[in-house]
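Quick notes on the structure that follows.
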Amino acid sequence: MAQRGLILDFGGVLTTPMRRNGEAFERSEGLEPGAYFHALNEHPEGVAVYAALEVGDVTQEYWNQVIGRLLSIDPTDLMRRALANLTVEPAMVAAAEKARAAGVKTALLSNSFGLEPFNVYAELGVLGLFDVVVLSETEGVRKPAPQIYERTLELLGLAGPDCVFVDDHEANLPPAEALGIATIHHAGDAANVAARLCELLG
């Protein structure tokens, strides 16, 4: 039987939903509902600084300063506070562990949150689940650019058709599919996704 590979996104796949985390952050900081999401996804400066952070063009500390200013809150260690309510998703962790125990090669493929001063991947203890860790910050390119999927396959030493990729953003799936990778859109039901992984990976 051919070697198989499992490629997992981080936020919203290995963890609880990013929106739930962001809403909790807004409440803890006394922000208006939706303010944080507006700063990240709609404000031109916020969108630009997050994109730059993901490919390592700016530091996490710079992101802290910019987003803190846009939200009029203390920027000190802001990424840590912004991700404070993110926790691992037990069903997905168990699926990764089960796959690896069965001989499936595993990879984490994530658009980075920055690694200093706060490393959320180490904080949540997920790095040991994977044979390969591919972060956009260290690669200088982010999903959905095809190069980051190609890099992941290269590091795994596998062909696209031998792998399954799970992401919570549908826009990140087509470049993987173009390489022959089977994809699963994680829409919030971790138990269902874990069951589908068992089917696809045999």
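In the structure tokens, each chain is lettered A, B, ... as it comes, each chain's residues begin at 1, and ligands are numbered from 1 in order of appearance.
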
Residues within 12 Å of A:Leu127, only C-alpha atoms, excluding chain neighbours under 4 positions, as a PDB file with N, CA and C atoms, in the first residue's frame:
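Result written to around_32.pdb:
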ATOM      1  N   LEU A   8      -2.856  19.174   7.686  1.00  0.00           N
ATOM      2  CA  LEU A   8      -3.882  19.882   8.441  1.00  0.00           C
ATOM      3  C   LEU A   8      -3.540  21.357   8.600  1.00  0.00           C
ATOM      4  N   PHE A  10      -4.138  24.831  10.876  1.00  0.00           N
ATOM      5  CA  PHE A  10      -4.105  25.006  12.331  1.00  0.00           C
ATOM      6  C   PHE A  10      -5.393  25.656  12.850  1.00  0.00           C
ATOM      7  N   LEU A  14      -7.300  22.303  13.717  1.00  0.00           N
ATOM      8  CA  LEU A  14      -6.733  21.679  14.922  1.00  0.00           C
ATOM      9  C   LEU A  14      -7.232  22.350  16.187  1.00  0.00           C
ATOM     10  N   VAL A  88      -7.214  23.527  21.641  1.00  0.00           N
ATOM     11  CA  VAL A  88      -7.148  22.438  20.663  1.00  0.00           C
ATOM     12  C   VAL A  88      -8.503  21.751  20.556  1.00  0.00           C
ATOM     13  N   VAL A  93      -7.181  16.373  17.009  1.00  0.00           N
ATOM     14  CA  VAL A  93      -5.907  15.915  17.554  1.00  0.00           C
ATOM     15  C   VAL A  93      -5.879  14.390  17.566  1.00  0.00           C
ATOM     16  N   ALA A  96      -5.296  13.056  14.075  1.00  0.00           N
ATOM     17  CA  ALA A  96      -3.897  13.180  13.661  1.00  0.00           C
ATOM     18  C   ALA A  96      -3.044  12.119  14.330  1.00  0.00           C
ATOM     19  N   GLU A  97      -3.291  11.892  15.611  1.00  0.00           N
ATOM     20  CA  GLU A  97      -2.531  10.874  16.341  1.00  0.00           C
ATOM     21  C   GLU A  97      -2.804   9.481  15.783  1.00  0.00           C
ATOM     22  N   THR A 106       2.385  13.046   8.527  1.00  0.00           N
ATOM     23  CA  THR A 106       1.533  14.174   8.877  1.00  0.00           C
ATOM     24  C   THR A 106       2.263  15.501   8.696  1.00  0.00           C
ATOM     25  N   ALA A 107       1.505  16.516   8.263  1.00  0.00           N
ATOM     26  CA  ALA A 107       2.069  17.853   8.081  1.00  0.00           C
ATOM     27  C   ALA A 107       1.103  18.901   8.599  1.00  0.00           C
ATOM     28  N   LEU A 108       1.648  19.900   9.262  1.00  0.00           N
ATOM     29  CA  LEU A 108       0.899  21.094   9.633  1.00  0.00           C
ATOM     30  C   LEU A 108       1.193  22.147   8.574  1.00  0.00           C
ATOM     31  N   LEU A 109       0.143  22.724   7.978  1.00  0.00           N
ATOM     32  CA  LEU A 109       0.292  23.775   6.978  1.00  0.00           C
ATOM     33  C   LEU A 109      -0.546  24.967   7.415  1.00  0.00           C
ATOM     34  N   SER A 110       0.128  26.016   7.867  1.00  0.00           N
ATOM     35  CA  SER A 110      -0.588  27.135   8.478  1.00  0.00           C
ATOM     36  C   SER A 110      -0.062  28.481   8.003  1.00  0.00           C
ATOM     37  N   ASN A 119       4.292  32.262  20.512  1.00  0.00           N
ATOM     38  CA  ASN A 119       4.218  31.151  19.567  1.00  0.00           C
ATOM     39  C   ASN A 119       3.012  30.290  19.938  1.00  0.00           C
ATOM     40  N   VAL A 120       1.900  30.504  19.237  1.00  0.00           N
ATOM     41  CA  VAL A 120       0.662  29.803  19.588  1.00  0.00           C
ATOM     42  C   VAL A 120       0.767  28.305  19.323  1.00  0.00           C
ATOM     43  N   TYR A 121       1.579  27.906  18.345  1.00  0.00           N
ATOM     44  CA  TYR A 121       1.723  26.481  18.030  1.00  0.00           C
ATOM     45  C   TYR A 121       2.385  25.741  19.191  1.00  0.00           C
ATOM     46  N   ALA A 122       3.435  26.345  19.734  1.00  0.00           N
ATOM     47  CA  ALA A 122       4.105  25.745  20.891  1.00  0.00           C
ATOM     48  C   ALA A 122       3.221  25.836  22.128  1.00  0.00           C
ATOM     49  N   GLU A 123       2.523  26.959  22.276  1.00  0.00           N
ATOM     50  CA  GLU A 123       1.662  27.165  23.445  1.00  0.00           C
ATOM     51  C   GLU A 123       0.593  26.082  23.544  1.00  0.00           C
ATOM     52  N   ASP A 131       5.113  15.246  11.362  1.00  0.00           N
ATOM     53  CA  ASP A 131       6.424  14.942  10.802  1.00  0.00           C
ATOM     54  C   ASP A 131       7.012  16.187  10.149  1.00  0.00           C
ATOM     55  N   VAL A 132       6.139  17.034   9.619  1.00  0.00           N
ATOM     56  CA  VAL A 132       6.548  18.222   8.870  1.00  0.00           C
ATOM     57  C   VAL A 132       5.704  19.406   9.332  1.00  0.00           C
ATOM     58  N   VAL A 133       6.343  20.551   9.545  1.00  0.00           N
ATOM     59  CA  VAL A 133       5.636  21.787   9.901  1.00  0.00           C
ATOM     60  C   VAL A 133       5.972  22.841   8.855  1.00  0.00           C
ATOM     61  N   VAL A 134       4.956  23.340   8.166  1.00  0.00           N
ATOM     62  CA  VAL A 134       5.139  24.349   7.121  1.00  0.00           C
ATOM     63  C   VAL A 134       4.350  25.599   7.524  1.00  0.00           C
ATOM     64  N   LEU A 135       5.083  26.658   7.868  1.00  0.00           N
ATOM     65  CA  LEU A 135       4.472  27.918   8.268  1.00  0.00           C
ATOM     66  C   LEU A 135       4.780  28.980   7.223  1.00  0.00           C
TER      67      LEU A 135
END

Wanna dump the stretch 58-161 of chain A-stretch 181-190 of chain A contacts at 8 Å for me, each residue with its shortest atom pair and the distance in Å to one decimal, counting only C-alpha atoms, ordered by chain and number, as CSV?
residue,atom,partner,partner_atom,distance
A:Glu89,CA,A:Ala190,CA,7.5
A:Ala91,CA,A:Ala190,CA,6.0
A:Met92,CA,A:Ala190,CA,6.3
A:Gly160,CA,A:Ile181,CA,4.5
A:Pro161,CA,A:Ile181,CA,5.0

Against stretch 137-150 of chain A, which residues of stretch 19-126 of chain A fall within 7 Å? For each one I want the closest pair of atoms and the distance in Å (one decimal), counting only C-alpha atoms, rows by chain and increasing residue number, as CSV.
residue,atom,partner,partner_atom,distance
A:Glu54,CA,A:Glu137,CA,5.2
A:Val55,CA,A:Glu137,CA,4.2
A:Gly56,CA,A:Glu137,CA,4.5
A:Asn111,CA,A:Arg142,CA,5.7
A:Ser112,CA,A:Glu137,CA,5.5
A:Gly114,CA,A:Glu137,CA,6.9

Notebook entry, point to check: Of the candidates A:Tyr36, A:Asn85, A:Leu158, A:Val13, which shows the shortest atom-to-atom distance to A:Arg69, using only C-alpha atoms?
Noted result: A:Tyr36

Notebook entry, point to check: Which is closer to A:Lys105 than all the others in A:Gly157, A:Pro44, A:Gly180, A:Pro175, using only C-alpha atoms?
Noted result: A:Gly157

Notebook entry, point to check: Within 12 Å of stretch 72-80 of chain A, counting only C-alpha atoms, which residues qualify if same-chain residues fewer than 3 places away don't, as number ranges by chain?
Noted result: A: 21-22, 25-26, 28-32, 35-36, 39, 50, 53, 59-69, 83-86, 112-121, 123-124
